[in-house]
Amino acid sequence: MSFVQTIALILVAFGAGFIQRVSGFGLGIFAMLFLPHIMPTHTASAAISSMFSLGTSAYNAIRYRKHIPFRMILPPATAAIITIPIAVSFASKISGALFKTILGIVLIGLSLYFLFFNQRVHIRATAKNGFLAGGFGGVLTGLFSTGGPPIVLYLSHATDDTNIYFAATQFYFCLTSIYATVLRILNGTVTQELFLYAILGFLGCLAGNRIGSFFFTRLDSQKLRRIIYIGMIISGILMIL
């Protein structure tokens, strides 16, 4: 990658880390708005986004380790372990053009859901629903590293405590990101060069995360999310076209 692309990568990582801290999720979604235009292949985009998530969520999970509800995370994590390798294998076999088309549809679908239906959908925090959320999230994680929405929907109804919710999401993202990254290393997607870029990106994520924690109680997260969702729709349309 060129110097300009490297700087762009760090800036994207910074924004992704900021969004993750302010909203509790969205790192992968934000990153995948831009990474397909920076990275050389679609699989590299998903891989480096997953490594961003790994570093940032591990950092947050360690900080909030006392609040992690391990039993609550077991059903979705188990399902994700099953579906992630299937999705990773599928992503490695499709063309970049088809990848962008599917990603565009996913981005538009997710943004429309969060804009218009998020507050209307309520699910019970049962093991079955957790398993379903983890299974769907695992598919999105393996394909695009955007597996946050299903698990956020499940966990937001499973607890009323902000610290427990944040700790649960970060620990889950850490587990699934480690798993997806190992699979991508085994299939050759993650190269030494990509790993070095991921380290640079993680520094950007860490800076964004720290600044995001400062603004956490000062920003209107709802307005910030709406801006991101509108950007997702525009980006999704451009990817499809």
# chains A, B, ... in the order shown; residues from 1 in each chain; ligands from 1
>>> residues_around(residues="stretch 96-102 of chain A", least_positions_apart="2", cutoff="7 Å", atoms="only C-alpha atoms", output="VMD selection string")
chain A and resid 41 to 42 94 104 to 106 239 to 240
>>> select_by_dssp(residues="stretch 12-237 of chain A", states="helix (DSSP H, G or I)", output="mmCIF file with C-alpha atoms, in the first residue's frame")
data_model
loop_
_atom_site.group_PDB
_atom_site.id
_atom_site.type_symbol
_atom_site.label_atom_id
_atom_site.label_comp_id
_atom_site.auth_asym_id
_atom_site.auth_seq_id
_atom_site.Cartn_x
_atom_site.Cartn_y
_atom_site.Cartn_z
ATOM 1 C CA VAL A 12 -10.405 4.700 9.380
ATOM 2 C CA ALA A 13 -9.167 2.717 12.375
ATOM 3 C CA PHE A 14 -9.332 5.835 14.545
ATOM 4 C CA GLY A 15 -12.937 6.478 13.519
ATOM 5 C CA ALA A 16 -13.839 2.828 14.064
ATOM 6 C CA GLY A 17 -12.358 2.830 17.579
ATOM 7 C CA PHE A 18 -14.195 6.053 18.392
ATOM 8 C CA ILE A 19 -17.535 4.670 17.199
ATOM 9 C CA GLN A 20 -17.015 1.431 19.108
ATOM 10 C CA ARG A 21 -16.460 3.238 22.396
ATOM 11 C CA VAL A 22 -19.304 5.712 21.999
ATOM 12 C CA SER A 23 -21.884 3.213 20.717
ATOM 13 C CA LEU A 27 -16.348 -0.873 14.628
ATOM 14 C CA GLY A 28 -16.650 -3.420 11.835
ATOM 15 C CA ILE A 29 -19.527 -1.630 10.113
ATOM 16 C CA PHE A 30 -17.679 1.698 10.081
ATOM 17 C CA ALA A 31 -14.419 0.103 8.971
ATOM 18 C CA MET A 32 -16.070 -1.795 6.130
ATOM 19 C CA LEU A 33 -17.524 1.427 4.749
ATOM 20 C CA PHE A 34 -13.986 2.381 3.715
ATOM 21 C CA LEU A 35 -11.619 -0.612 3.814
ATOM 22 C CA PRO A 36 -12.813 -2.178 0.514
ATOM 23 C CA HIS A 37 -11.643 1.051 -1.174
ATOM 24 C CA HIS A 42 -12.078 -7.979 -0.276
ATOM 25 C CA THR A 43 -10.837 -10.776 1.976
ATOM 26 C CA ALA A 44 -8.017 -8.532 3.223
ATOM 27 C CA SER A 45 -10.608 -5.867 4.092
ATOM 28 C CA ALA A 46 -12.609 -8.277 6.238
ATOM 29 C CA ALA A 47 -9.460 -9.714 7.813
ATOM 30 C CA ILE A 48 -7.978 -6.400 8.871
ATOM 31 C CA SER A 49 -11.342 -5.192 10.172
ATOM 32 C CA SER A 50 -11.527 -8.337 12.286
ATOM 33 C CA MET A 51 -8.054 -7.667 13.674
ATOM 34 C CA PHE A 52 -9.061 -4.095 14.522
ATOM 35 C CA SER A 53 -11.992 -5.530 16.437
ATOM 36 C CA LEU A 54 -9.767 -8.084 18.147
ATOM 37 C CA GLY A 55 -7.365 -5.522 19.542
ATOM 38 C CA THR A 56 -9.975 -2.953 20.578
ATOM 39 C CA SER A 57 -12.465 -5.390 22.088
ATOM 40 C CA ALA A 58 -9.701 -7.250 23.958
ATOM 41 C CA TYR A 59 -8.543 -3.955 25.450
ATOM 42 C CA ASN A 60 -12.098 -3.064 26.528
ATOM 43 C CA ALA A 61 -12.863 -6.583 27.781
ATOM 44 C CA ILE A 62 -9.804 -6.533 30.026
ATOM 45 C CA ARG A 63 -10.788 -3.141 31.420
ATOM 46 C CA ARG A 65 -13.506 -7.933 33.000
ATOM 47 C CA LYS A 66 -15.264 -7.758 36.380
ATOM 48 C CA HIS A 67 -18.597 -7.167 34.617
ATOM 49 C CA PHE A 70 -19.858 -15.495 30.945
ATOM 50 C CA ARG A 71 -22.987 -17.671 31.079
ATOM 51 C CA MET A 72 -24.966 -15.128 29.057
ATOM 52 C CA ILE A 73 -22.344 -15.124 26.292
ATOM 53 C CA LEU A 74 -22.055 -18.924 26.014
ATOM 54 C CA PRO A 75 -25.054 -19.560 23.649
ATOM 55 C CA PRO A 76 -24.199 -16.893 21.017
ATOM 56 C CA ALA A 77 -20.478 -17.691 21.178
ATOM 57 C CA THR A 78 -21.167 -21.391 20.628
ATOM 58 C CA ALA A 79 -23.306 -20.667 17.567
ATOM 59 C CA ALA A 80 -20.720 -18.258 16.155
ATOM 60 C CA ILE A 81 -18.033 -20.933 16.410
ATOM 61 C CA ILE A 82 -20.168 -23.073 14.085
ATOM 62 C CA THR A 83 -21.066 -20.455 11.461
ATOM 63 C CA ILE A 84 -17.883 -18.341 11.235
ATOM 64 C CA PRO A 85 -15.722 -20.967 9.429
ATOM 65 C CA ILE A 86 -18.489 -21.585 6.883
ATOM 66 C CA ALA A 87 -18.740 -17.869 6.124
ATOM 67 C CA VAL A 88 -14.951 -17.365 6.005
ATOM 68 C CA SER A 89 -14.641 -20.223 3.509
ATOM 69 C CA PHE A 90 -17.450 -18.805 1.355
ATOM 70 C CA ALA A 91 -15.906 -15.297 1.360
ATOM 71 C CA SER A 92 -12.585 -16.656 0.105
ATOM 72 C CA LYS A 93 -14.262 -18.281 -2.904
ATOM 73 C CA GLY A 96 -14.532 -9.043 -5.205
ATOM 74 C CA ALA A 97 -17.428 -7.658 -7.243
ATOM 75 C CA LEU A 98 -19.919 -10.110 -5.736
ATOM 76 C CA PHE A 99 -18.480 -9.446 -2.277
ATOM 77 C CA LYS A 100 -19.089 -5.702 -2.638
ATOM 78 C CA THR A 101 -22.613 -6.279 -3.945
ATOM 79 C CA ILE A 102 -23.531 -8.515 -1.003
ATOM 80 C CA LEU A 103 -21.834 -6.123 1.443
ATOM 81 C CA GLY A 104 -23.754 -3.210 -0.059
ATOM 82 C CA ILE A 105 -27.056 -5.035 0.432
ATOM 83 C CA VAL A 106 -26.099 -5.938 4.019
ATOM 84 C CA LEU A 107 -25.115 -2.335 4.831
ATOM 85 C CA ILE A 108 -28.380 -0.970 3.435
ATOM 86 C CA GLY A 109 -30.427 -3.628 5.244
ATOM 87 C CA LEU A 110 -28.703 -3.031 8.587
ATOM 88 C CA SER A 111 -28.991 0.743 8.318
ATOM 89 C CA LEU A 112 -32.707 0.626 7.447
ATOM 90 C CA TYR A 113 -33.304 -1.729 10.369
ATOM 91 C CA PHE A 114 -31.552 0.502 12.883
ATOM 92 C CA LEU A 115 -33.149 3.662 11.499
ATOM 93 C CA PHE A 116 -36.744 2.452 11.502
ATOM 94 C CA ALA A 127 -30.561 -19.350 25.296
ATOM 95 C CA LYS A 128 -32.354 -20.157 22.030
ATOM 96 C CA ASN A 129 -32.463 -16.520 20.939
ATOM 97 C CA GLY A 130 -28.847 -16.102 21.984
ATOM 98 C CA PHE A 131 -27.888 -19.085 19.831
ATOM 99 C CA LEU A 132 -29.774 -17.647 16.841
ATOM 100 C CA ALA A 133 -28.222 -14.209 17.320
ATOM 101 C CA GLY A 134 -24.749 -15.733 17.545
ATOM 102 C CA GLY A 135 -25.321 -17.875 14.468
ATOM 103 C CA PHE A 136 -26.390 -14.916 12.337
ATOM 104 C CA GLY A 137 -23.658 -12.751 13.821
ATOM 105 C CA GLY A 138 -21.119 -15.445 13.004
ATOM 106 C CA VAL A 139 -22.156 -15.398 9.345
ATOM 107 C CA LEU A 140 -21.731 -11.610 9.184
ATOM 108 C CA THR A 141 -18.416 -11.854 11.053
ATOM 109 C CA GLY A 142 -17.034 -14.487 8.699
ATOM 110 C CA LEU A 143 -18.141 -12.625 5.580
ATOM 111 C CA PHE A 144 -17.644 -8.950 6.392
ATOM 112 C CA GLY A 148 -22.232 -6.764 15.865
ATOM 113 C CA PRO A 149 -25.933 -5.964 15.210
ATOM 114 C CA PRO A 150 -27.468 -9.404 15.999
ATOM 115 C CA ILE A 151 -25.519 -9.821 19.230
ATOM 116 C CA VAL A 152 -26.161 -6.218 20.273
ATOM 117 C CA LEU A 153 -29.889 -6.775 19.734
ATOM 118 C CA TYR A 154 -29.779 -9.865 21.937
ATOM 119 C CA LEU A 155 -27.581 -8.468 24.710
ATOM 120 C CA SER A 156 -29.389 -5.131 24.887
ATOM 121 C CA HIS A 157 -32.503 -7.041 25.977
ATOM 122 C CA ALA A 158 -30.589 -9.435 28.220
ATOM 123 C CA THR A 162 -24.656 -0.515 31.015
ATOM 124 C CA ASN A 163 -21.357 -1.905 32.300
ATOM 125 C CA ILE A 164 -22.499 -5.531 31.956
ATOM 126 C CA TYR A 165 -23.847 -4.865 28.461
ATOM 127 C CA PHE A 166 -20.616 -3.203 27.337
ATOM 128 C CA ALA A 167 -18.430 -5.894 28.913
ATOM 129 C CA ALA A 168 -20.524 -8.651 27.345
ATOM 130 C CA THR A 169 -20.356 -7.185 23.832
ATOM 131 C CA GLN A 170 -16.611 -6.553 24.039
ATOM 132 C CA PHE A 171 -15.833 -10.036 25.335
ATOM 133 C CA TYR A 172 -17.992 -11.629 22.638
ATOM 134 C CA PHE A 173 -16.355 -9.539 19.889
ATOM 135 C CA CYS A 174 -12.939 -10.453 21.274
ATOM 136 C CA LEU A 175 -13.700 -14.184 21.168
ATOM 137 C CA THR A 176 -15.201 -14.161 17.667
ATOM 138 C CA SER A 177 -12.476 -11.892 16.272
ATOM 139 C CA ILE A 178 -9.731 -14.172 17.595
ATOM 140 C CA TYR A 179 -11.483 -17.188 16.095
ATOM 141 C CA ALA A 180 -12.069 -15.531 12.711
ATOM 142 C CA THR A 181 -8.498 -14.243 12.568
ATOM 143 C CA VAL A 182 -7.035 -17.686 13.299
ATOM 144 C CA LEU A 183 -9.167 -19.165 10.516
ATOM 145 C CA ARG A 184 -7.975 -16.491 8.093
ATOM 146 C CA ILE A 185 -4.357 -17.143 9.070
ATOM 147 C CA LEU A 186 -4.852 -20.827 8.354
ATOM 148 C CA GLN A 192 2.838 -10.793 7.468
ATOM 149 C CA GLU A 193 2.312 -7.487 5.635
ATOM 150 C CA LEU A 194 -1.374 -7.430 6.546
ATOM 151 C CA PHE A 195 -0.512 -8.145 10.165
ATOM 152 C CA LEU A 196 1.821 -5.124 10.239
ATOM 153 C CA TYR A 197 -0.914 -2.906 8.828
ATOM 154 C CA ALA A 198 -3.269 -4.269 11.476
ATOM 155 C CA ILE A 199 -0.842 -3.194 14.208
ATOM 156 C CA LEU A 200 -0.772 0.352 12.788
ATOM 157 C CA GLY A 201 -4.549 0.294 12.576
ATOM 158 C CA PHE A 202 -4.861 -0.913 16.148
ATOM 159 C CA LEU A 203 -2.901 2.122 17.352
ATOM 160 C CA GLY A 204 -5.454 4.270 15.521
ATOM 161 C CA CYS A 205 -8.308 2.258 17.063
ATOM 162 C CA LEU A 206 -6.790 2.658 20.518
ATOM 163 C CA ALA A 207 -6.509 6.427 20.100
ATOM 164 C CA GLY A 208 -10.103 6.614 18.853
ATOM 165 C CA ASN A 209 -11.253 4.435 21.733
ATOM 166 C CA ARG A 210 -9.575 6.669 24.326
ATOM 167 C CA ILE A 211 -11.018 9.840 22.854
ATOM 168 C CA GLY A 212 -14.396 8.137 22.519
ATOM 169 C CA SER A 213 -14.395 7.338 26.242
ATOM 170 C CA PHE A 214 -13.957 11.063 26.941
ATOM 171 C CA PHE A 215 -16.910 11.970 24.720
ATOM 172 C CA SER A 221 -25.051 8.835 20.484
ATOM 173 C CA GLN A 222 -28.447 8.595 18.758
ATOM 174 C CA LYS A 223 -27.631 11.438 16.374
ATOM 175 C CA LEU A 224 -24.172 10.023 15.764
ATOM 176 C CA ARG A 225 -25.650 6.634 14.891
ATOM 177 C CA ARG A 226 -28.166 8.183 12.470
ATOM 178 C CA ILE A 227 -25.342 9.893 10.601
ATOM 179 C CA ILE A 228 -23.499 6.576 10.356
ATOM 180 C CA TYR A 229 -26.610 4.740 9.133
ATOM 181 C CA ILE A 230 -27.211 7.309 6.394
ATOM 182 C CA GLY A 231 -23.567 6.928 5.382
ATOM 183 C CA MET A 232 -24.072 3.160 5.294
ATOM 184 C CA ILE A 233 -26.992 3.526 2.878
ATOM 185 C CA ILE A 234 -24.996 5.788 0.552
ATOM 186 C CA SER A 235 -21.947 3.529 0.694
ATOM 187 C CA GLY A 236 -24.082 0.421 0.145
ATOM 188 C CA ILE A 237 -25.703 1.935 -2.954
#
>>> atom_distance(atom1="atom CA of A:Gly147", atom2="atom CA of A:Val4")
28.7 Å
